[in-house]
file my_file-v9.csv (CSV, C-alpha atoms)
chain,number,residue,atom,x,y,z
A,1,MET,CA,-19.1,-9.1,44.5
A,2,TYR,CA,-18.3,-10.3,41.0
A,3,GLN,CA,-18.1,-8.0,38.0
A,4,ILE,CA,-19.7,-8.9,34.7
A,5,ILE,CA,-17.5,-8.8,31.7
A,6,ASP,CA,-19.8,-7.1,29.2
A,7,GLY,CA,-18.7,-8.4,25.8
A,8,LYS,CA,-21.6,-6.6,24.1
A,9,ASN,CA,-20.4,-3.2,25.4
A,10,VAL,CA,-16.8,-3.8,24.5
A,11,ALA,CA,-17.7,-5.0,21.1
A,12,ASN,CA,-19.7,-1.8,20.5
A,13,GLN,CA,-16.7,0.2,21.5
A,14,ILE,CA,-14.4,-1.6,19.0
A,15,LYS,CA,-17.0,-1.4,16.3
A,16,GLN,CA,-17.0,2.4,16.7
A,17,GLU,CA,-13.2,2.4,16.5
A,18,ILE,CA,-13.3,0.4,13.3
A,19,ALA,CA,-16.1,2.5,11.9
A,20,ASP,CA,-14.0,5.7,12.5
A,21,GLU,CA,-11.0,4.1,10.7
A,22,VAL,CA,-13.2,3.1,7.8
A,23,ALA,CA,-14.6,6.6,7.5
A,24,ASP,CA,-11.0,7.9,7.4
A,25,ILE,CA,-10.2,5.4,4.6
A,26,LYS,CA,-13.2,6.5,2.7
A,27,LYS,CA,-12.4,10.2,3.1
A,28,LYS,CA,-8.9,9.6,1.7
A,29,GLY,CA,-10.3,7.7,-1.3
A,30,GLY,CA,-9.0,4.3,-0.1
A,31,LYS,CA,-10.4,0.9,-0.6
A,32,ILE,CA,-13.4,-0.1,1.6
A,33,PRO,CA,-12.9,-3.5,3.3
A,34,HIS,CA,-14.9,-6.3,1.7
A,35,LEU,CA,-15.9,-9.5,3.5
A,36,VAL,CA,-17.5,-12.5,1.7
A,37,ALA,CA,-19.3,-15.3,3.6
A,38,ILE,CA,-20.2,-18.5,1.9
A,39,LEU,CA,-23.1,-20.4,3.4
A,40,VAL,CA,-23.9,-23.9,2.4
A,41,GLY,CA,-27.4,-25.3,3.1
A,42,THR,CA,-30.0,-23.8,5.4
A,43,ASP,CA,-28.7,-24.5,9.0
A,44,GLY,CA,-30.6,-22.1,11.3
A,45,ALA,CA,-27.7,-21.3,13.6
A,46,SER,CA,-25.4,-20.6,10.6
A,47,GLU,CA,-28.1,-18.3,9.0
A,48,THR,CA,-28.2,-16.4,12.3
A,49,TYR,CA,-24.4,-16.1,12.6
A,50,VAL,CA,-24.0,-14.9,9.0
A,51,SER,CA,-26.8,-12.4,9.5
A,52,HIS,CA,-25.1,-11.0,12.5
A,53,LYS,CA,-21.9,-10.7,10.6
A,54,GLU,CA,-23.6,-8.9,7.7
A,55,LYS,CA,-25.2,-6.4,10.1
A,56,ALA,CA,-21.8,-5.8,11.8
A,57,CYS,CA,-20.2,-5.1,8.5
A,58,GLU,CA,-22.9,-2.6,7.7
A,59,ARG,CA,-22.4,-0.9,11.0
A,60,VAL,CA,-18.7,-0.3,10.5
A,61,GLY,CA,-18.9,0.6,6.9
A,62,PHE,CA,-17.5,-2.6,5.3
A,63,ARG,CA,-18.9,-4.1,2.1
A,64,SER,CA,-20.3,-7.6,2.7
A,65,THR,CA,-21.4,-10.3,0.3
A,66,ILE,CA,-23.2,-13.5,1.3
A,67,VAL,CA,-23.1,-16.4,-1.2
A,68,ARG,CA,-25.6,-19.1,-0.5
A,69,MET,CA,-25.1,-22.5,-2.0
A,70,LYS,CA,-27.5,-25.5,-1.9
A,71,GLU,CA,-26.8,-28.3,0.6
A,72,SER,CA,-26.4,-30.6,-2.4
A,73,VAL,CA,-23.5,-28.6,-3.9
A,74,THR,CA,-20.6,-30.8,-4.7
A,75,GLU,CA,-17.2,-30.4,-2.9
A,76,ASN,CA,-15.5,-29.4,-6.2
A,77,GLU,CA,-18.1,-26.7,-6.9
A,78,LEU,CA,-17.5,-25.2,-3.5
A,79,LEU,CA,-13.8,-25.4,-3.9
A,80,ASP,CA,-14.0,-23.7,-7.3
A,81,LYS,CA,-16.1,-20.9,-5.8
A,82,ILE,CA,-13.4,-20.4,-3.1
A,83,ALA,CA,-10.7,-20.4,-5.8
A,84,GLU,CA,-12.6,-17.7,-7.7
A,85,PHE,CA,-12.7,-15.5,-4.6
A,86,ASN,CA,-9.1,-16.2,-3.9
A,87,HIS,CA,-8.2,-14.5,-7.2
A,88,ASP,CA,-10.7,-11.6,-6.8
A,89,ASP,CA,-8.6,-8.6,-5.7
A,90,ASP,CA,-11.8,-6.7,-4.5
A,91,ILE,CA,-12.4,-9.3,-1.8
A,92,ASP,CA,-10.2,-8.8,1.3
A,93,GLY,CA,-11.6,-11.5,3.6
A,94,MET,CA,-13.4,-14.7,3.1
A,95,ILE,CA,-15.2,-17.1,5.5
A,96,VAL,CA,-17.0,-20.4,4.8
A,97,GLN,CA,-19.6,-20.9,7.5
A,98,LEU,CA,-19.2,-24.1,9.5
A,99,PRO,CA,-20.5,-26.8,9.9
A,100,LEU,CA,-20.6,-28.1,6.3
A,101,PRO,CA,-22.6,-31.0,4.9
A,102,ASP,CA,-21.1,-34.5,5.6
A,103,HIS,CA,-20.1,-34.9,1.9
A,104,ILE,CA,-17.8,-31.9,2.0
A,105,SER,CA,-14.4,-32.0,3.7
A,106,GLU,CA,-13.9,-29.1,6.1
A,107,HIS,CA,-10.1,-29.7,5.9
A,108,LYS,CA,-10.1,-29.3,2.1
A,109,VAL,CA,-12.2,-26.2,2.3
A,110,ILE,CA,-10.1,-24.5,5.0
A,111,GLU,CA,-6.8,-25.4,3.1
A,112,THR,CA,-8.2,-24.0,-0.2
A,113,ILE,CA,-8.8,-20.5,1.2
A,114,ASN,CA,-5.9,-18.1,0.6
A,115,PRO,CA,-4.2,-17.7,4.0
A,116,LYS,CA,-4.1,-13.9,3.3
A,117,LYS,CA,-7.9,-13.8,3.1
A,118,ASP,CA,-8.5,-16.4,5.9
A,119,VAL,CA,-10.0,-13.9,8.4
A,120,ASP,CA,-11.4,-16.8,10.4
A,121,GLY,CA,-7.8,-17.7,11.2
A,122,PHE,CA,-8.4,-21.4,10.5
A,123,HIS,CA,-5.8,-22.1,7.8
A,124,PRO,CA,-2.8,-24.2,8.9
A,125,VAL,CA,-0.5,-21.4,7.7
A,126,ASN,CA,-2.2,-18.9,10.1
A,127,ILE,CA,-2.3,-21.4,12.9
A,128,GLY,CA,1.4,-22.2,12.4
A,129,ARG,CA,2.4,-18.6,12.3
A,130,MET,CA,0.4,-17.9,15.4
A,131,VAL,CA,2.1,-20.8,17.3
A,132,ILE,CA,5.6,-19.4,16.6
A,133,GLY,CA,4.6,-15.8,17.2
A,134,PHE,CA,4.6,-14.5,13.6
A,135,PRO,CA,2.0,-12.0,12.4
A,136,SER,CA,-1.1,-13.9,11.5
A,137,TYR,CA,-4.9,-13.9,11.5
A,138,VAL,CA,-5.8,-15.3,14.9
A,139,SER,CA,-9.0,-17.4,15.3
A,140,ALA,CA,-11.8,-15.0,16.1
A,141,THR,CA,-13.1,-16.4,19.4
A,142,PRO,CA,-9.6,-16.8,21.1
A,143,ALA,CA,-8.7,-13.3,19.8
A,144,GLY,CA,-11.9,-11.9,21.2
A,145,ILE,CA,-11.3,-13.5,24.6
A,146,VAL,CA,-7.8,-12.1,24.9
A,147,GLU,CA,-9.2,-8.6,23.9
A,148,LEU,CA,-11.8,-8.8,26.6
A,149,LEU,CA,-9.2,-9.6,29.3
A,150,LYS,CA,-7.1,-6.7,28.0
A,151,ARG,CA,-10.0,-4.2,28.1
A,152,TYR,CA,-10.9,-5.2,31.6
A,153,LYS,CA,-7.2,-5.0,32.6
A,154,ILE,CA,-7.3,-8.6,34.0
A,155,GLU,CA,-3.7,-9.7,34.7
A,156,ILE,CA,-2.6,-12.8,32.8
A,157,SER,CA,1.1,-12.9,33.2
A,158,GLY,CA,2.2,-15.4,35.9
A,159,LYS,CA,-1.4,-16.6,36.4
A,160,SER,CA,-2.6,-20.2,36.5
A,161,CYS,CA,-5.1,-20.7,33.6
A,162,VAL,CA,-7.2,-23.7,32.9
A,163,VAL,CA,-8.8,-24.0,29.4
A,164,ILE,CA,-11.5,-26.7,29.2
A,165,GLY,CA,-12.0,-27.9,25.7
A,166,ARG,CA,-9.4,-28.6,23.0
A,167,SER,CA,-11.1,-27.7,19.7
A,168,ASN,CA,-9.0,-26.3,16.8
A,169,ILE,CA,-11.2,-23.2,16.8
A,170,VAL,CA,-11.2,-22.2,20.4
A,171,GLY,CA,-9.4,-24.3,23.1
A,172,THR,CA,-6.2,-25.2,21.5
A,173,PRO,CA,-5.3,-21.8,19.9
A,174,LEU,CA,-6.4,-20.0,23.0
A,175,SER,CA,-4.1,-22.1,25.2
A,176,ILE,CA,-1.2,-21.2,23.0
A,177,LEU,CA,-2.1,-17.5,22.9
A,178,LEU,CA,-2.2,-17.2,26.7
A,179,SER,CA,1.1,-19.0,27.2
A,180,ARG,CA,3.1,-17.2,24.6
A,181,LYS,CA,5.9,-14.8,25.6
A,182,THR,CA,4.0,-11.6,24.6
A,183,SER,CA,2.8,-8.4,26.2
A,184,TYR,CA,-0.5,-10.2,26.9
A,185,GLY,CA,0.4,-13.8,27.6
A,186,ASN,CA,2.9,-15.5,29.9
A,187,ALA,CA,0.2,-17.5,31.8
A,188,THR,CA,0.8,-21.1,32.9
A,189,VAL,CA,-1.8,-22.9,31.0
A,190,THR,CA,-3.4,-26.4,31.5
A,191,LEU,CA,-5.5,-27.6,28.6
A,192,CYS,CA,-8.3,-30.0,29.8
A,193,HIS,CA,-10.7,-32.0,27.7
A,194,SER,CA,-13.3,-34.9,27.9
A,195,ARG,CA,-10.6,-37.4,28.7
A,196,THR,CA,-9.0,-35.4,31.6
A,197,PRO,CA,-9.8,-37.4,34.7
A,198,ASN,CA,-9.2,-34.7,37.3
A,199,ILE,CA,-10.7,-31.5,35.8
A,200,THR,CA,-12.2,-30.4,39.1
A,201,GLU,CA,-8.9,-30.7,40.9
A,202,LEU,CA,-7.2,-28.6,38.2
A,203,SER,CA,-9.8,-26.0,37.7
A,204,SER,CA,-10.4,-25.4,41.4
A,205,LYS,CA,-6.8,-24.1,41.7
A,206,ALA,CA,-6.9,-21.9,38.6
A,207,ASP,CA,-6.8,-18.1,38.6
A,208,ILE,CA,-8.5,-18.0,35.2
A,209,ILE,CA,-10.9,-20.6,33.8
A,210,ILE,CA,-12.1,-20.6,30.2
A,211,VAL,CA,-14.8,-23.2,29.4
A,212,ALA,CA,-15.4,-24.2,25.8
A,213,MET,CA,-16.8,-27.8,26.1
A,214,GLY,CA,-20.2,-27.3,24.5
A,215,LYS,CA,-21.9,-28.9,27.5
A,216,ALA,CA,-24.6,-26.8,29.2
A,217,ARG,CA,-23.7,-25.7,32.8
A,218,PHE,CA,-20.7,-28.0,32.9
A,219,LEU,CA,-18.6,-25.8,35.3
A,220,THR,CA,-20.1,-25.9,38.7
A,221,ALA,CA,-19.3,-24.0,42.0
A,222,ASP,CA,-17.1,-26.8,43.4
A,223,MET,CA,-14.8,-26.4,40.3
A,224,VAL,CA,-14.0,-22.8,41.0
A,225,LYS,CA,-11.9,-21.1,43.7
A,226,GLU,CA,-12.8,-17.8,45.3
A,227,GLY,CA,-11.8,-14.8,43.2
A,228,ALA,CA,-11.3,-16.7,39.9
A,229,VAL,CA,-12.0,-15.2,36.5
A,230,VAL,CA,-14.4,-17.3,34.5
A,231,ILE,CA,-14.9,-17.0,30.7
A,232,ASP,CA,-17.8,-18.9,29.3
A,233,VAL,CA,-17.6,-19.8,25.6
A,234,GLY,CA,-20.5,-22.2,25.4
A,235,THR,CA,-23.9,-21.7,23.9
A,236,THR,CA,-26.6,-24.3,24.2
A,237,ARG,CA,-30.3,-24.0,23.6
A,238,ILE,CA,-32.4,-25.5,26.3
A,239,LYS,CA,-36.2,-25.7,26.7
A,240,SER,CA,-37.8,-23.0,28.8
A,241,ASP,CA,-41.4,-22.3,29.8
A,242,LYS,CA,-40.3,-18.7,30.7
A,243,THR,CA,-39.7,-17.5,27.2
A,244,LYS,CA,-42.0,-16.9,24.2
A,245,SER,CA,-39.8,-19.0,22.0
A,246,GLY,CA,-39.9,-21.9,24.4
A,247,TRP,CA,-36.1,-22.1,24.7
A,248,LYS,CA,-33.3,-20.0,26.1
A,249,LEU,CA,-29.5,-19.8,25.6
A,250,VAL,CA,-27.2,-21.0,28.4
A,251,GLY,CA,-23.5,-21.4,28.6
A,252,ASP,CA,-21.0,-24.0,29.8
A,253,VAL,CA,-21.0,-22.4,33.2
A,254,ALA,CA,-23.7,-22.9,35.9
A,255,PHE,CA,-23.8,-19.1,36.2
A,256,ASP,CA,-26.1,-18.6,39.2
A,257,GLU,CA,-23.9,-20.8,41.5
A,258,VAL,CA,-20.5,-20.0,40.0
A,259,ALA,CA,-20.8,-16.2,39.7
A,260,PRO,CA,-20.8,-15.4,43.5
A,261,LYS,CA,-17.3,-17.0,43.8
A,262,CYS,CA,-15.8,-15.0,40.9
A,263,SER,CA,-14.0,-11.7,40.6
A,264,TYR,CA,-15.0,-11.5,36.9
A,265,ILE,CA,-17.3,-13.6,34.8
A,266,THR,CA,-18.8,-13.5,31.3
A,267,PRO,CA,-22.6,-13.9,30.8
A,268,VAL,CA,-24.3,-16.0,28.1
A,269,PRO,CA,-25.5,-14.4,25.9
A,270,GLY,CA,-23.6,-11.0,25.8
A,271,GLY,CA,-20.2,-12.2,26.8
A,272,VAL,CA,-17.8,-13.9,24.3
A,273,GLY,CA,-20.2,-14.1,21.4
A,274,PRO,CA,-20.2,-10.4,20.3
A,275,MET,CA,-16.3,-10.4,20.5
A,276,THR,CA,-16.1,-13.2,18.0
A,277,ILE,CA,-17.7,-11.1,15.3
A,278,VAL,CA,-15.6,-8.0,16.2
A,279,SER,CA,-12.4,-10.0,15.9
A,280,LEU,CA,-13.6,-11.1,12.4
A,281,LEU,CA,-14.0,-7.4,11.5
A,282,LYS,CA,-10.6,-6.6,12.9
A,283,ASN,CA,-9.0,-9.3,10.8
A,284,THR,CA,-10.8,-8.1,7.7
A,285,LEU,CA,-9.6,-4.6,8.2
A,286,LYS,CA,-6.1,-5.9,8.6
A,287,ALA,CA,-6.5,-7.9,5.4
A,288,SER,CA,-7.7,-4.9,3.5
A,289,ARG,CA,-4.6,-3.0,4.5
A,290,LYS,CA,-2.6,-5.8,2.9
A,291,GLU,CA,-0.5,-6.0,6.0
A,292,LYS,CA,2.3,-8.5,5.9
A,293,ASN,CA,1.0,-11.8,7.1

call {"tool": "encode", "arguments": {"input": "my_file-v9.csv", "output": "C-alpha cells"}}
result
Amino acid sequence: MYQIIDGKNVANQIKQEIADEVADIKKKGGKIPHLVAILVGTDGASETYVSHKEKACERVGFRSTIVRMKESVTENELLDKIAEFNHDDDIDGMIVQLPLPDHISEHKVIETINPKKDVDGFHPVNIGRMVIGFPSYVSATPAGIVELLKRYKIEISGKSCVVIGRSNIVGTPLSILLSRKTSYGNATVTLCHSRTPNITELSSKADIIIVAMGKARFLTADMVKEGAVVIDVGTTRIKSDKTKSGWKLVGDVAFDEVAPKCSYITPVPGGVGPMTIVSLLKNTLKASRKEKN
C-alpha cells in the first residue's frame, strides 16, 4: 500500500517553526523579515500565487508588500523599480512573479535583482553557487522537494533517480541538488525531457521519479516500477463536470493508476505546491539574517 506524501501537512509544520523563530526575533527587538512581490499585469494564476504568498507571510509573522504594475509597464520602468528595492535596506527578499509580458525580458529582470535578495533562487549567481556547493538561495520548488524527501526519511543516496523536465526553475536545479555530494544527495540522476526517446525505459527502472513536464497525466503505470517513489510537480487545469467551478487541478502523474505501484507518492493538489511557498519563506528568513551568501 502506498503512502501519501502530505506536502500541506509538512508545510504547516515548517511554517510553525518559522513563526516561532520570528516571534523570538521580535521578542529580542530584531528586524522582522520583509518580502516584496512585484506583479505585472493581471494573470489569474499569478494573482493566486501572490495571494498565497501574502497569506503565508502573515501566518509566520513576516512583513509583506505586493507591488502591482500595469501590463503596459515598460521594461525600464520595471528594472528601475527592482533597482529601488535593491537599495532599500528594509527589504530582505524580493520576487518578480513570472510569467512576464512578452515585451519584458525575464533574463534582464532576474539578473537585475540583487542576488542577496533573490529568494526565488533564479539569479545566475545563486544558480552557480548552488552548482558548486556554495551557500546560496536554492530555487523554491527543488528545495521544497528535497525537504519533503528528508521529512519522510526517504533514502536518496545511491538511488536511481529520473527527473522528467529540464526547466531552469525545477528540473535542472533539482537534478543537480540530488546528485551533489551532500548529506541529502548522492543519487544517480538521469535528466529526461521532451526530446528523450526512451523515457519509459529509463523511468521504469528508477527508484525515484520526479515529473515536471507540465503535461497532464504524462506519467502512466507502465513507466513506473513496483515500490518507486513518485513526486508530481505538475499542475494543469482540466474541465470537470464534477466540480462547481467546472474544472479541477491534475498533475503530471496519472495518479489513480500509478499510485498502487508506489511506495510513496505526492498528490495534486497538496503535495509539492505548499512546499514551494515554504521554501520561499525559509529563503527570506535566511536573507533577513544577512547570512553569508

call {"tool": "residues_around", "arguments": {"input": "my_file-v9.csv", "residues": "A:Leu78", "least_positions_apart": "4", "cutoff": "10 Å", "atoms": "only C-alpha atoms", "output": "JSON, numbers by chain"}}
result
{"A": [38, 40, 69, 73, 74, 82, 83, 84, 96, 104, 109, 112]}

call {"tool": "residues_around", "arguments": {"input": "my_file-v9.csv", "residues": "A:Ile18", "least_positions_apart": "6", "cutoff": "9 Å", "atoms": "all atoms listed in the file", "output": "PDB file with C-alpha atoms, in the frame of the given file"}}
result
ATOM      1  CA  VAL A  60     -18.700  -0.300  10.500  1.00  0.00           C
ATOM      2  CA  GLY A  61     -18.900   0.600   6.900  1.00  0.00           C
ATOM      3  CA  LEU A 281     -14.000  -7.400  11.500  1.00  0.00           C
ATOM      4  CA  LYS A 282     -10.600  -6.600  12.900  1.00  0.00           C
ATOM      5  CA  LEU A 285      -9.600  -4.600   8.200  1.00  0.00           C
TER       6      LEU A 285
END

call {"tool": "closest_residue", "arguments": {"input": "my_file-v9.csv", "among": "A:Lys261, A:Ala45, A:Leu174, A:His34", "to": "A:Thr236", "atoms": "all atoms listed in the file"}}
result
A:Ala45

call {"tool": "residues_around", "arguments": {"input": "my_file-v9.csv", "residues": "A:Ser72", "least_positions_apart": "4", "cutoff": "12 Å", "atoms": "only C-alpha atoms", "output": "PDB file with C-alpha atoms, keeping the file's coordinate frame"}}
result
ATOM      1  CA  VAL A  40     -23.900 -23.900   2.400  1.00  0.00           C
ATOM      2  CA  GLY A  41     -27.400 -25.300   3.100  1.00  0.00           C
ATOM      3  CA  THR A  42     -30.000 -23.800   5.400  1.00  0.00           C
ATOM      4  CA  ARG A  68     -25.600 -19.100  -0.500  1.00  0.00           C
ATOM      5  CA  ASN A  76     -15.500 -29.400  -6.200  1.00  0.00           C
ATOM      6  CA  GLU A  77     -18.100 -26.700  -6.900  1.00  0.00           C
ATOM      7  CA  LEU A  78     -17.500 -25.200  -3.500  1.00  0.00           C
ATOM      8  CA  LEU A 100     -20.600 -28.100   6.300  1.00  0.00           C
ATOM      9  CA  PRO A 101     -22.600 -31.000   4.900  1.00  0.00           C
ATOM     10  CA  ASP A 102     -21.100 -34.500   5.600  1.00  0.00           C
ATOM     11  CA  HIS A 103     -20.100 -34.900   1.900  1.00  0.00           C
ATOM     12  CA  ILE A 104     -17.800 -31.900   2.000  1.00  0.00           C
TER      13      ILE A 104
END

call {"tool": "residues_around", "arguments": {"input": "my_file-v9.csv", "residues": "stretch 147-162 of chain A", "least_positions_apart": "4", "cutoff": "9 Å", "atoms": "all atoms listed in the file", "output": "ChimeraX atom specification"}}
result
/A:5-7,10-11,142-143,175,178-179,183-192,202-203,205-211,229,264,272,275,279

call {"tool": "write_last_selection", "arguments": {"input": "my_file-v9.csv", "atoms": "C-alpha atoms", "output": "PDB file, in the coordinates of the input"}}
result
ATOM      1  CA  ILE A   5     -17.500  -8.800  31.700  1.00  0.00           C
ATOM      2  CA  ASP A   6     -19.800  -7.100  29.200  1.00  0.00           C
ATOM      3  CA  GLY A   7     -18.700  -8.400  25.800  1.00  0.00           C
ATOM      4  CA  VAL A  10     -16.800  -3.800  24.500  1.00  0.00           C
ATOM      5  CA  ALA A  11     -17.700  -5.000  21.100  1.00  0.00           C
ATOM      6  CA  PRO A 142      -9.600 -16.800  21.100  1.00  0.00           C
ATOM      7  CA  ALA A 143      -8.700 -13.300  19.800  1.00  0.00           C
ATOM      8  CA  SER A 175      -4.100 -22.100  25.200  1.00  0.00           C
ATOM      9  CA  LEU A 178      -2.200 -17.200  26.700  1.00  0.00           C
ATOM     10  CA  SER A 179       1.100 -19.000  27.200  1.00  0.00           C
ATOM     11  CA  SER A 183       2.800  -8.400  26.200  1.00  0.00           C
ATOM     12  CA  TYR A 184      -0.500 -10.200  26.900  1.00  0.00           C
ATOM     13  CA  GLY A 185       0.400 -13.800  27.600  1.00  0.00           C
ATOM     14  CA  ASN A 186       2.900 -15.500  29.900  1.00  0.00           C
ATOM     15  CA  ALA A 187       0.200 -17.500  31.800  1.00  0.00           C
ATOM     16  CA  THR A 188       0.800 -21.100  32.900  1.00  0.00           C
ATOM     17  CA  VAL A 189      -1.800 -22.900  31.000  1.00  0.00           C
ATOM     18  CA  THR A 190      -3.400 -26.400  31.500  1.00  0.00           C
ATOM     19  CA  LEU A 191      -5.500 -27.600  28.600  1.00  0.00           C
ATOM     20  CA  CYS A 192      -8.300 -30.000  29.800  1.00  0.00           C
ATOM     21  CA  LEU A 202      -7.200 -28.600  38.200  1.00  0.00           C
ATOM     22  CA  SER A 203      -9.800 -26.000  37.700  1.00  0.00           C
ATOM     23  CA  LYS A 205      -6.800 -24.100  41.700  1.00  0.00           C
ATOM     24  CA  ALA A 206      -6.900 -21.900  38.600  1.00  0.00           C
ATOM     25  CA  ASP A 207      -6.800 -18.100  38.600  1.00  0.00           C
ATOM     26  CA  ILE A 208      -8.500 -18.000  35.200  1.00  0.00           C
ATOM     27  CA  ILE A 209     -10.900 -20.600  33.800  1.00  0.00           C
ATOM     28  CA  ILE A 210     -12.100 -20.600  30.200  1.00  0.00           C
ATOM     29  CA  VAL A 211     -14.800 -23.200  29.400  1.00  0.00           C
ATOM     30  CA  VAL A 229     -12.000 -15.200  36.500  1.00  0.00           C
ATOM     31  CA  TYR A 264     -15.000 -11.500  36.900  1.00  0.00           C
ATOM     32  CA  VAL A 272     -17.800 -13.900  24.300  1.00  0.00           C
ATOM     33  CA  MET A 275     -16.300 -10.400  20.500  1.00  0.00           C
ATOM     34  CA  SER A 279     -12.400 -10.000  15.900  1.00  0.00           C
TER      35      SER A 279
END

call {"tool": "atom_distance", "arguments": {"input": "my_file-v9.csv", "atom1": "atom CA of A:Lys28", "atom2": "atom CA of A:Ala56"}}
result
22.5 Å

call {"tool": "closest_residue", "arguments": {"input": "my_file-v9.csv", "among": "A:Gly214, A:Val125, A:Phe62, A:Met1", "to": "A:Ile25", "atoms": "all atoms listed in the file"}}
result
A:Phe62

call {"tool": "closest_residue", "arguments": {"input": "my_file-v9.csv", "among": "A:Pro274, A:Tyr2, A:Asp24, A:Lys116", "to": "A:Gly227", "atoms": "all atoms listed in the file"}}
result
A:Tyr2

call {"tool": "atom_distance", "arguments": {"input": "my_file-v9.csv", "atom1": "atom CA of A:Lys286", "atom2": "atom CA of A:Thr266"}}
result
27.1 Å

call {"tool": "closest_residue", "arguments": {"input": "my_file-v9.csv", "among": "A:Leu35, A:Ile169, A:Leu177, A:Leu98", "to": "A:Glu47", "atoms": "only C-alpha atoms"}}
result
A:Leu98
